[in-house]
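Here's model-v3.cif, which has mmCIF, C-alpha atoms:
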```
data_work
loop_
_atom_site.group_PDB
_atom_site.id
_atom_site.type_symbol
_atom_site.label_atom_id
_atom_site.label_comp_id
_atom_site.auth_asym_id
_atom_site.auth_seq_id
_atom_site.Cartn_x
_atom_site.Cartn_y
_atom_site.Cartn_z
ATOM 1 C CA MET A 129 -66.741 -36.007 13.770
ATOM 2 C CA GLY A 130 -67.054 -36.532 10.006
ATOM 3 C CA ARG A 131 -64.220 -37.179 7.595
ATOM 4 C CA ALA A 132 -64.250 -33.565 6.381
ATOM 5 C CA GLY A 133 -64.087 -32.313 9.986
ATOM 6 C CA ARG A 134 -61.153 -34.570 10.756
ATOM 7 C CA ARG A 135 -59.313 -33.280 7.661
ATOM 8 C CA ALA A 136 -59.922 -29.691 8.720
ATOM 9 C CA ALA A 137 -58.731 -30.360 12.265
ATOM 10 C CA GLY A 138 -55.640 -32.104 10.923
ATOM 11 C CA SER A 139 -54.898 -29.176 8.648
ATOM 12 C CA CYS A 140 -55.222 -26.753 11.553
ATOM 13 C CA GLY A 141 -52.880 -28.867 13.639
ATOM 14 C CA LEU A 142 -50.334 -28.925 10.827
ATOM 15 C CA LEU A 143 -50.503 -25.145 10.493
ATOM 16 C CA VAL A 144 -49.937 -24.749 14.230
ATOM 17 C CA VAL A 145 -46.905 -27.038 14.108
ATOM 18 C CA LEU A 146 -45.463 -25.163 11.105
ATOM 19 C CA SER A 147 -46.044 -21.856 12.859
ATOM 20 C CA LEU A 148 -44.219 -23.094 15.946
ATOM 21 C CA LEU A 149 -41.341 -24.328 13.807
ATOM 22 C CA LEU A 150 -41.074 -21.007 12.041
ATOM 23 C CA VAL A 151 -41.133 -19.138 15.353
ATOM 24 C CA GLY A 152 -38.462 -21.479 16.671
ATOM 25 C CA CYS A 153 -36.244 -20.883 13.612
ATOM 26 C CA GLY A 154 -36.645 -17.141 14.003
ATOM 27 C CA ALA A 155 -35.646 -17.349 17.654
ATOM 28 C CA GLY A 156 -32.375 -19.030 16.655
ATOM 29 C CA ASP A 157 -31.588 -16.673 13.740
ATOM 30 C CA ASP A 158 -27.942 -15.614 14.064
ATOM 31 C CA ARG A 159 -27.784 -13.397 10.988
ATOM 32 C CA ASP A 160 -25.614 -10.329 11.389
ATOM 33 C CA ARG A 161 -27.794 -7.233 11.442
ATOM 34 C CA THR A 162 -25.294 -4.913 13.139
ATOM 35 C CA SER A 163 -23.784 -2.213 10.944
ATOM 36 C CA PRO A 164 -20.149 -1.133 11.283
ATOM 37 C CA SER A 165 -19.353 2.104 13.046
ATOM 38 C CA VAL A 166 -19.147 5.281 10.993
ATOM 39 C CA PRO A 167 -15.649 6.074 9.620
ATOM 40 C CA GLY A 168 -14.178 9.077 11.391
ATOM 41 C CA GLU A 169 -11.938 12.045 10.663
ATOM 42 C CA VAL A 170 -12.473 12.017 6.900
ATOM 43 C CA THR A 171 -10.215 14.471 5.057
ATOM 44 C CA ALA A 172 -9.957 15.358 1.368
ATOM 45 C CA GLN A 173 -6.840 16.963 -0.110
ATOM 46 C CA ALA A 174 -6.639 18.136 -3.725
ATOM 47 C CA SER A 175 -3.567 16.493 -5.253
ATOM 48 C CA SER A 176 -3.933 18.159 -8.659
ATOM 49 C CA ALA A 177 -6.582 19.850 -10.777
ATOM 50 C CA THR A 178 -8.169 16.460 -11.457
ATOM 51 C CA SER A 179 -7.501 14.313 -8.377
ATOM 52 C CA VAL A 180 -8.235 14.290 -4.641
ATOM 53 C CA HIS A 181 -6.670 12.185 -1.877
ATOM 54 C CA VAL A 182 -9.256 10.976 0.675
ATOM 55 C CA MET A 183 -8.300 9.603 4.108
ATOM 56 C CA TRP A 184 -10.342 8.335 7.073
ATOM 57 C CA ARG A 185 -10.088 6.626 10.439
ATOM 58 C CA PRO A 186 -11.032 2.907 10.229
ATOM 59 C CA SER A 187 -14.386 1.604 11.442
ATOM 60 C CA THR A 188 -15.112 -1.273 13.823
ATOM 61 C CA ASP A 189 -17.730 -4.023 13.596
ATOM 62 C CA ASN A 190 -19.131 -6.754 15.833
ATOM 63 C CA ARG A 191 -17.629 -9.289 13.399
ATOM 64 C CA ALA A 192 -15.383 -7.691 10.806
ATOM 65 C CA VAL A 193 -15.289 -4.733 8.452
ATOM 66 C CA THR A 194 -14.778 -6.010 4.891
ATOM 67 C CA GLY A 195 -14.464 -2.779 2.920
ATOM 68 C CA TYR A 196 -15.256 0.893 2.419
ATOM 69 C CA GLU A 197 -17.197 2.907 -0.127
ATOM 70 C CA ILE A 198 -15.988 6.413 -0.962
ATOM 71 C CA LEU A 199 -18.860 8.630 -2.054
ATOM 72 C CA ARG A 200 -18.455 11.786 -4.118
ATOM 73 C CA ASP A 201 -21.428 14.108 -3.716
ATOM 74 C CA GLY A 202 -23.499 11.123 -2.550
ATOM 75 C CA THR A 203 -22.545 8.754 -5.390
ATOM 76 C CA THR A 204 -20.069 5.899 -4.944
ATOM 77 C CA ALA A 205 -16.786 6.839 -6.620
ATOM 78 C CA LYS A 206 -14.446 4.151 -5.254
ATOM 79 C CA ALA A 207 -14.551 0.932 -3.230
ATOM 80 C CA VAL A 208 -11.585 -0.469 -1.327
ATOM 81 C CA PRO A 209 -11.068 -3.550 0.877
ATOM 82 C CA ALA A 210 -10.706 -3.436 4.654
ATOM 83 C CA GLY A 211 -7.213 -2.494 5.727
ATOM 84 C CA ARG A 212 -7.165 0.570 3.472
ATOM 85 C CA ASP A 213 -7.791 3.969 5.008
ATOM 86 C CA MET A 214 -6.884 6.236 2.083
ATOM 87 C CA ILE A 215 -7.476 6.404 -1.669
ATOM 88 C CA ASP A 216 -6.884 8.717 -4.646
ATOM 89 C CA VAL A 217 -10.003 9.708 -6.596
ATOM 90 C CA ASP A 218 -9.067 10.711 -10.150
ATOM 91 C CA GLY A 219 -10.952 11.994 -13.183
ATOM 92 C CA LEU A 220 -12.278 15.125 -11.481
ATOM 93 C CA THR A 221 -12.872 18.579 -12.948
ATOM 94 C CA ALA A 222 -10.608 21.551 -12.294
ATOM 95 C CA SER A 223 -11.872 24.466 -10.186
ATOM 96 C CA THR A 224 -14.767 22.399 -8.858
ATOM 97 C CA ALA A 225 -16.075 21.916 -5.314
ATOM 98 C CA TYR A 226 -16.666 18.334 -4.120
ATOM 99 C CA ARG A 227 -17.975 16.711 -0.927
ATOM 100 C CA PHE A 228 -16.614 13.289 -0.002
ATOM 101 C CA THR A 229 -18.036 10.855 2.544
ATOM 102 C CA VAL A 230 -17.024 7.300 3.472
ATOM 103 C CA ARG A 231 -19.083 4.377 4.747
ATOM 104 C CA ALA A 232 -18.004 0.931 5.958
ATOM 105 C CA LEU A 233 -19.352 -2.493 4.934
ATOM 106 C CA ASP A 234 -19.322 -5.945 6.533
ATOM 107 C CA ALA A 235 -19.638 -9.472 5.100
ATOM 108 C CA ALA A 236 -23.416 -9.547 5.699
ATOM 109 C CA GLY A 237 -23.924 -6.482 3.508
ATOM 110 C CA ASN A 238 -24.567 -4.095 6.384
ATOM 111 C CA ARG A 239 -23.442 -0.531 5.679
ATOM 112 C CA SER A 240 -22.607 2.144 8.173
ATOM 113 C CA ALA A 241 -24.115 5.584 7.919
ATOM 114 C CA PRO A 242 -22.005 7.945 5.764
ATOM 115 C CA SER A 243 -19.282 9.824 7.569
ATOM 116 C CA ALA A 244 -19.312 13.543 8.092
ATOM 117 C CA PRO A 245 -18.505 15.169 4.731
ATOM 118 C CA ALA A 246 -15.097 16.533 3.783
ATOM 119 C CA SER A 247 -15.224 19.415 1.311
ATOM 120 C CA VAL A 248 -12.493 20.260 -1.171
ATOM 121 C CA THR A 249 -12.097 22.413 -4.278
ATOM 122 C CA THR A 250 -9.738 21.333 -7.031
ATOM 123 C CA PRO A 251 -7.304 24.007 -8.248
ATOM 124 C CA ALA A 252 -7.474 25.604 -11.669
ATOM 125 C CA ALA A 253 -5.957 23.674 -14.542
ATOM 126 C CA THR A 254 -2.685 24.831 -16.063
ATOM 127 C CA PRO A 255 -2.701 23.124 -19.480
ATOM 128 C CA ASP A 256 0.395 24.942 -20.720
ATOM 129 C CA ASP A 257 2.499 23.748 -17.779
ATOM 130 C CA LYS A 258 4.763 20.999 -19.106
ATOM 131 C CA ARG A 259 7.626 21.379 -16.621
ATOM 132 C CA PRO A 260 7.632 18.923 -13.673
ATOM 133 C CA PRO A 261 8.747 19.945 -10.186
ATOM 134 C CA THR A 262 12.203 19.144 -8.918
ATOM 135 C CA ALA A 263 12.616 16.014 -6.808
ATOM 136 C CA PRO A 264 12.114 16.281 -3.045
ATOM 137 C CA VAL A 265 15.414 16.167 -1.160
ATOM 138 C CA ARG A 266 16.809 14.738 2.080
ATOM 139 C CA LEU A 267 14.119 12.101 2.600
ATOM 140 C CA THR A 268 14.290 10.540 6.057
ATOM 141 C CA GLY A 269 12.053 8.062 7.820
ATOM 142 C CA ARG A 270 11.474 6.344 11.144
ATOM 143 C CA ALA A 271 9.167 3.611 12.377
ATOM 144 C CA ASP A 272 6.170 4.613 14.460
ATOM 145 C CA GLY A 273 5.509 1.423 16.384
ATOM 146 C CA THR A 274 4.671 -1.859 14.697
ATOM 147 C CA GLY A 275 2.426 -0.656 11.876
ATOM 148 C CA ALA A 276 3.312 2.870 10.806
ATOM 149 C CA ALA A 277 6.147 5.120 9.611
ATOM 150 C CA VAL A 278 6.830 8.857 9.660
ATOM 151 C CA LEU A 279 8.575 10.374 6.627
ATOM 152 C CA SER A 280 10.102 13.846 6.237
ATOM 153 C CA TRP A 281 11.724 15.597 3.254
ATOM 154 C CA GLY A 282 12.929 18.919 1.897
ATOM 155 C CA ARG A 283 10.662 20.944 -0.368
ATOM 156 C CA ALA A 284 10.627 20.614 -4.145
ATOM 157 C CA THR A 285 10.361 23.643 -6.447
ATOM 158 C CA ASP A 286 8.128 24.230 -9.464
ATOM 159 C CA ASP A 287 7.648 27.044 -11.980
ATOM 160 C CA VAL A 288 3.937 27.284 -11.070
ATOM 161 C CA GLY A 289 3.641 25.570 -7.692
ATOM 162 C CA VAL A 290 3.743 22.171 -5.984
ATOM 163 C CA THR A 291 0.223 20.978 -5.128
ATOM 164 C CA ALA A 292 1.004 17.577 -3.589
ATOM 165 C CA TYR A 293 3.691 15.153 -2.505
ATOM 166 C CA ASP A 294 3.099 11.483 -3.335
ATOM 167 C CA VAL A 295 4.611 8.708 -1.212
ATOM 168 C CA TYR A 296 5.628 5.540 -3.059
ATOM 169 C CA GLN A 297 6.327 2.152 -1.505
ATOM 170 C CA GLU A 298 7.984 -0.441 -3.746
ATOM 171 C CA GLY A 299 7.036 1.645 -6.787
ATOM 172 C CA ALA A 300 3.317 2.009 -5.933
ATOM 173 C CA ARG A 301 1.741 5.282 -4.784
ATOM 174 C CA ILE A 302 0.263 4.699 -1.341
ATOM 175 C CA HIS A 303 -0.255 8.150 0.145
ATOM 176 C CA SER A 304 -0.419 11.863 -0.719
ATOM 177 C CA VAL A 305 -0.197 15.073 1.281
ATOM 178 C CA GLY A 306 -0.711 18.698 0.328
ATOM 179 C CA GLY A 307 2.003 20.718 -1.329
ATOM 180 C CA SER A 308 2.513 22.841 1.786
ATOM 181 C CA LEU A 309 3.502 19.779 3.865
ATOM 182 C CA THR A 310 6.865 18.032 4.085
ATOM 183 C CA THR A 311 5.924 15.120 6.345
ATOM 184 C CA ALA A 312 3.660 12.087 5.997
ATOM 185 C CA HIS A 313 2.353 9.450 8.399
ATOM 186 C CA VAL A 314 2.020 6.098 6.606
ATOM 187 C CA THR A 315 -0.128 3.431 8.267
ATOM 188 C CA GLY A 316 -1.203 -0.140 7.532
ATOM 189 C CA LEU A 317 2.310 -1.629 7.655
ATOM 190 C CA ARG A 318 3.304 -5.057 9.013
ATOM 191 C CA PRO A 319 5.372 -5.577 12.168
ATOM 192 C CA GLY A 320 9.080 -6.363 11.834
ATOM 193 C CA THR A 321 9.218 -5.588 8.112
ATOM 194 C CA VAL A 322 11.567 -3.478 5.979
ATOM 195 C CA TYR A 323 9.819 -0.917 3.751
ATOM 196 C CA THR A 324 11.454 1.237 1.095
ATOM 197 C CA PHE A 325 9.874 4.645 0.446
ATOM 198 C CA THR A 326 10.400 7.400 -2.102
ATOM 199 C CA VAL A 327 8.543 10.693 -2.563
ATOM 200 C CA ARG A 328 7.600 12.632 -5.706
ATOM 201 C CA ALA A 329 6.310 16.188 -6.018
ATOM 202 C CA ARG A 330 3.304 16.942 -8.228
ATOM 203 C CA ASP A 331 1.866 20.170 -9.665
ATOM 204 C CA ALA A 332 -1.679 21.154 -10.677
ATOM 205 C CA ALA A 333 -1.073 19.951 -14.248
ATOM 206 C CA ASP A 334 -0.296 16.460 -12.881
ATOM 207 C CA ASN A 335 3.379 16.702 -13.768
ATOM 208 C CA SER A 336 5.373 14.481 -11.383
ATOM 209 C CA SER A 337 8.954 15.023 -10.322
ATOM 210 C CA PRO A 338 11.637 12.351 -10.382
ATOM 211 C CA ASP A 339 11.840 10.165 -7.287
ATOM 212 C CA SER A 340 13.556 11.428 -4.195
ATOM 213 C CA GLY A 341 16.315 9.311 -2.770
ATOM 214 C CA ALA A 342 15.003 6.118 -1.167
ATOM 215 C CA VAL A 343 14.773 5.525 2.575
ATOM 216 C CA ASP A 344 14.367 2.184 4.356
ATOM 217 C CA VAL A 345 12.192 1.940 7.458
ATOM 218 C CA THR A 346 11.923 -1.208 9.594
ATOM 219 C CA THR A 347 8.769 -1.441 11.686
ATOM 220 C CA ALA A 348 9.026 -2.693 15.251
ATOM 221 C CA SER A 349 8.359 -6.345 15.968
ATOM 222 C CA ALA A 350 5.102 -7.303 17.643
ATOM 223 C CA PRO A 351 4.757 -9.945 20.376
ATOM 224 C CA GLY A 352 3.721 -13.206 18.790
ATOM 225 C CA ALA A 353 4.251 -11.945 15.235
ATOM 226 C CA PRO A 354 6.148 -14.262 12.885
ATOM 227 C CA PRO A 355 9.826 -13.366 12.357
ATOM 228 C CA SER A 356 10.827 -11.386 9.300
ATOM 229 C CA THR A 357 11.861 -13.433 6.289
ATOM 230 C CA ALA A 358 13.889 -10.619 4.714
ATOM 231 C CA PRO A 359 17.579 -11.006 3.903
ATOM 232 C CA THR A 360 19.540 -8.559 6.064
ATOM 233 C CA GLY A 361 22.699 -6.521 5.684
ATOM 234 C CA LEU A 362 22.425 -6.229 1.900
ATOM 235 C CA ARG A 363 25.247 -4.133 0.505
ATOM 236 C CA ALA A 364 26.279 -3.458 -3.086
ATOM 237 C CA SER A 365 29.582 -2.378 -4.615
ATOM 238 C CA ALA A 366 30.569 -1.574 -8.194
ATOM 239 C CA ALA A 367 33.917 -1.694 -9.997
ATOM 240 C CA ARG A 368 34.988 -1.475 -13.605
ATOM 241 C CA ALA A 369 35.262 -4.938 -15.123
ATOM 242 C CA ALA A 370 38.781 -6.295 -15.587
ATOM 243 C CA THR A 371 37.992 -7.024 -19.220
ATOM 244 C CA GLY A 372 35.575 -5.303 -21.567
ATOM 245 C CA ASN A 373 33.645 -2.087 -20.999
ATOM 246 C CA GLY A 374 31.195 -3.279 -18.366
ATOM 247 C CA THR A 375 30.897 -2.722 -14.624
ATOM 248 C CA ASP A 376 30.809 -5.589 -12.138
ATOM 249 C CA VAL A 377 28.231 -5.184 -9.348
ATOM 250 C CA THR A 378 28.733 -7.423 -6.309
ATOM 251 C CA LEU A 379 26.103 -8.062 -3.644
ATOM 252 C CA HIS A 380 26.573 -9.487 -0.145
ATOM 253 C CA TRP A 381 23.823 -10.289 2.373
ATOM 254 C CA VAL A 382 22.901 -12.439 5.359
ATOM 255 C CA SER A 383 20.313 -15.119 4.648
ATOM 256 C CA PRO A 384 17.117 -15.118 6.732
ATOM 257 C CA ARG A 385 16.497 -17.900 9.227
ATOM 258 C CA THR A 386 13.624 -19.875 7.772
ATOM 259 C CA GLY A 387 13.969 -23.291 9.381
ATOM 260 C CA GLY A 388 14.918 -24.875 6.063
ATOM 261 C CA ASP A 389 16.830 -24.448 2.828
ATOM 262 C CA ILE A 390 16.321 -21.390 0.645
ATOM 263 C CA GLY A 391 15.827 -22.512 -2.942
ATOM 264 C CA ALA A 392 16.461 -19.183 -4.664
ATOM 265 C CA TYR A 393 16.592 -15.416 -4.386
ATOM 266 C CA GLN A 394 14.890 -12.905 -6.656
ATOM 267 C CA LEU A 395 16.882 -9.807 -7.638
ATOM 268 C CA PHE A 396 15.127 -6.488 -8.311
ATOM 269 C CA LEU A 397 16.830 -3.507 -9.972
ATOM 270 C CA ASN A 398 15.063 -0.138 -9.734
ATOM 271 C CA GLY A 399 11.928 -1.916 -8.521
ATOM 272 C CA ALA A 400 11.675 -4.415 -11.400
ATOM 273 C CA PRO A 401 12.397 -8.178 -11.155
ATOM 274 C CA THR A 402 15.598 -8.939 -13.049
ATOM 275 C CA THR A 403 16.817 -12.469 -12.379
ATOM 276 C CA THR A 404 16.561 -15.467 -10.073
ATOM 277 C CA ILE A 405 19.670 -16.336 -8.074
ATOM 278 C CA VAL A 406 20.413 -19.915 -7.091
ATOM 279 C CA PRO A 407 22.296 -19.616 -3.807
ATOM 280 C CA GLY A 408 25.692 -21.126 -3.283
ATOM 281 C CA THR A 409 27.299 -22.093 0.002
ATOM 282 C CA PRO A 410 27.372 -19.151 2.437
ATOM 283 C CA SER A 411 30.735 -17.957 3.722
ATOM 284 C CA PRO A 412 31.845 -18.803 7.291
ATOM 285 C CA GLU A 413 30.479 -15.398 8.310
ATOM 286 C CA GLY A 414 27.027 -16.446 7.094
ATOM 287 C CA LEU A 415 27.134 -14.145 4.052
ATOM 288 C CA SER A 416 25.798 -15.024 0.635
ATOM 289 C CA SER A 417 26.966 -13.213 -2.482
ATOM 290 C CA TYR A 418 26.151 -12.654 -6.143
ATOM 291 C CA ALA A 419 27.865 -10.689 -8.935
ATOM 292 C CA PHE A 420 26.557 -9.448 -12.267
ATOM 293 C CA THR A 421 27.739 -7.115 -15.019
ATOM 294 C CA VAL A 422 26.050 -3.967 -16.378
ATOM 295 C CA THR A 423 27.063 -1.877 -19.389
ATOM 296 C CA ASP A 424 25.443 1.452 -18.519
ATOM 297 C CA PRO A 425 27.426 4.727 -18.616
ATOM 298 C CA PRO A 426 29.136 6.169 -15.525
ATOM 299 C CA GLY A 427 26.760 7.867 -13.099
ATOM 300 C CA THR A 428 23.894 5.423 -13.697
ATOM 301 C CA ARG A 429 22.155 4.626 -10.410
ATOM 302 C CA TYR A 430 20.630 1.300 -9.452
ATOM 303 C CA SER A 431 18.482 0.573 -6.418
ATOM 304 C CA VAL A 432 18.935 -3.081 -5.471
ATOM 305 C CA LYS A 433 16.784 -5.392 -3.347
ATOM 306 C CA ILE A 434 16.309 -9.144 -3.010
ATOM 307 C CA ARG A 435 13.883 -11.599 -1.454
ATOM 308 C CA ALA A 436 14.190 -15.318 -0.704
ATOM 309 C CA ARG A 437 12.033 -18.201 -1.842
ATOM 310 C CA LEU A 438 11.060 -19.844 1.428
ATOM 311 C CA PRO A 439 11.015 -23.590 2.099
ATOM 312 C CA ASP A 440 7.234 -23.637 1.510
ATOM 313 C CA GLY A 441 7.750 -22.178 -1.986
ATOM 314 C CA LYS A 442 6.457 -18.674 -1.225
ATOM 315 C CA TRP A 443 8.501 -15.496 -1.610
ATOM 316 C CA GLY A 444 9.594 -13.853 1.629
ATOM 317 C CA ASP A 445 9.951 -10.219 2.657
ATOM 318 C CA PHE A 446 12.141 -7.804 0.718
ATOM 319 C CA SER A 447 15.531 -6.766 1.960
ATOM 320 C CA ALA A 448 16.529 -3.160 2.494
ATOM 321 C CA GLN A 449 17.258 -1.375 -0.789
ATOM 322 C CA PRO A 450 20.755 0.112 -1.159
ATOM 323 C CA THR A 451 21.804 2.186 -4.158
ATOM 324 C CA VAL A 452 24.874 1.535 -6.281
ATOM 325 C CA ILE A 453 26.334 3.990 -8.829
ATOM 326 C CA VAL A 454 28.249 2.946 -11.941
ATOM 327 C CA PRO A 455 31.765 4.443 -11.598
#
```
Now that the file is in, can you turn its structure into structure tokens?
Amino acid sequence: MGRAGRRAAGSCGLLVVLSLLLVGCGAGDDRDRTSPSVPGEVTAQASSATSVHVMWRPSTDNRAVTGYEILRDGTTAKAVPAGRDMIDVDGLTASTAYRFTVRALDAAGNRSAPSAPASVTTPAATPDDKRPPTAPVRLTGRADGTGAAVLSWGRATDDVGVTAYDVYQEGARIHSVGGSLTTAHVTGLRPGTVYTFTVRARDAADNSSPDSGAVDVTTASAPGAPPSTAPTGLRASAARAATGNGTDVTLHWVSPRTGGDIGAYQLFLNGAPTTTIVPGTPSPEGLSSYAFTVTDPPGTRYSVKIRARLPDGKWGDFSAQPTVIVP
């Protein structure tokens, strides 16, 4: 065989080897090509003339769902991470029909098929309505297992009509239900954790009521879950200061068991961080305490909560949130 023939044969052999290598690589390809399941039970509830609350049942995946896309009339309107199963879509037009669908995503970029559509029509706008509803009353709550809570309240009133009730957790709106409902099922909570909820009423003009009274709900512990790091038994009392015009507020609580020293506590008043407390020596009963002075007029209400800085430097879970009134 001549030199040219040998080169040609060598080239053919090289191509065969490369082809075999490529086939072998393809046989071992472990890329994720499986799409998540389709989100189920999608609902859409008009919260006002310009907003809709969308909820769905979470999807599953052979590896992990990483997020959801909420589509309005076929166009993506919102994207949320995995773990969320509800969202408010704002900026809508009054008296308009919309169709919402939801699809799930995974880390490989696979998308599920869109869910079945949920149709909703926003109510007419009431631009002259400046009066907010009254606050919902008699808010109560109970844990529903390790990761959910059920809330109930008395109806609010409005000069035009209540279109939605918004559930707030630690000052952030997390859920909405229609104005004809007085209960809500809140999901996505952590086991063995104290949550503080309030509810506001809303009308079609997007006027929101004041907060309802707060309610604390403690979810059930789960086997193998880490213990709660929340201070327990927090109580607050108020008395007129012995000197001056202020009011002394005194807090007592039981420190969480963290396996080490607690470096500090963070005090929140009405949901906002106020000061850092350096703990002293607990009493023989295991109680810690802190006192501070306020100068607000009688009848002023404060909701109070604290959390501990853990031995690893991170902040722990919040305590329950009692209310104290300036006498």
Query - Output of the PyMOL selection byres ((chain A and resi 418) around 9), listed as a ChimeraX atom specification - result: /A:377-380,405,407-408,416-417,419-420
Report task. List the neighbours of segment 229-235 of chain A out to 7 Å using all atoms listed in the file; skip same-chain residues closer than 5 positions along the sequence, and give me the result as a list in words. Result ->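 Returned residues: Pro164, Val166, Pro167, Ser187, Ala192, Val193, Thr194, Gly195, Tyr196, Glu197, Ile198, Leu199, Arg200, Ser240, Ala241, Pro242, Ser243, Ala244, Pro245 and Ala246 of chain A.
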Please define a box with edges along x, y and z of the file around all atoms of segment 285-294 of chain A given in the file, extend it by 8 Å on each side, and return its centre and edge lengths in Å to one decimal, as lines of an AutoDock Vina configuration file.
```
center_x = 5.3
center_y = 19.4
center_z = -7.2
size_x = 26.1
size_y = 31.8
size_z = 25.5
```
Query - Given the PyMOL selection byres ((chain A and resi 325-340) around 9), the residues it picks as a ChimeraX atom specification - result: /A:175-179,250-267,269,279,281,283-286,288-299,301,307,323-324,341-345
Requested in this report: Please provide as a PyMOL selection string all residues within 9 Å of Thr347 of chain A, with the sequence filter that same-chain residues fewer than 5 positions apart are discarded (counting all atoms listed in the file).
Outcome: chain A and resi 270-277+317-323
Report task. Step by step: start from the point (11.2, -13.1, 1.8) in the file's coordinates, keep every protein, DNA or RNA residue that has an atom no farther than 12 Å from it, count only C-alpha atoms, and write the set as a ChimeraX atom specification. Result -> /A:321-322,355-360,383-386,390-395,433-448
Query raised in the report: In Å to one decimal, how far is atom CA of Val170 of chain A from atom CA of Gly282 of chain A?
Result: 26.8 Å
Query raised in the report: Can you list, as a ChimeraX atom specification, every protein, DNA or RNA residue that comes within 9 Å of Thr428 of chain A when you count all atoms listed in the file, leaving out same-chain residues fewer than 5 positions away?
Result: /A:452-455
Requested in this report: Tell me, as JSON, numbers by chain, which residues lie within 8 Å of Val432 of chain A, counting all atoms listed in the file; anything in the same chain fewer than 3 positions away does not count.
Outcome: {"A": [364, 395, 396, 397, 398, 399, 449, 450, 451, 452]}
Query raised in the report: Quick one: residues within 10 Å of Asp160 of chain A, only C-alpha atoms counted, chain neighbours fewer than 3 positions away excluded, as a list in words?
Result: Asp157, Ser163, Asn190, Arg191, Asp234, Ala235, Ala236, Gly237 and Asn238 of chain A
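With atom CA of Val180 of chain A on one side and atom CA of Ala300 of chain A on the other, the separation reads 16.9 Å.
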Query - Picked residues, the PyMOL selection byres ((chain A and resi 169) around 6), expected as a ChimeraX atom specification - result: /A:168,170,184-185
Query - Within-7 Å shell of (-1.1, 4.5, -0.9) in input frame, only C-alpha atoms, as a PyMOL selection string - result: chain A and resi 214-215+301-303
Requested in this report: Work out how far atom CA of Gly306 of chain A is from atom CA of Ala207 of chain A, in Å to one decimal.
Outcome: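 Atom CA of Gly306 of chain A lies 22.8 Å from atom CA of Ala207 of chain A.
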Query raised in the report: Pick from A:Ser280, A:Ala370, A:Pro186, A:Asp201: nearest to Ala312 of chain A, with only C-alpha atoms counted?
Result: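 Ranked by minimum distance to Ala312 of chain A, first place goes to A:Ser280.
Among the candidates A:Thr421, A:Thr311, A:Gln173, A:Thr249, the residue lying nearest to Thr375 of chain A is A:Thr421 (atoms considered: only C-alpha atoms).
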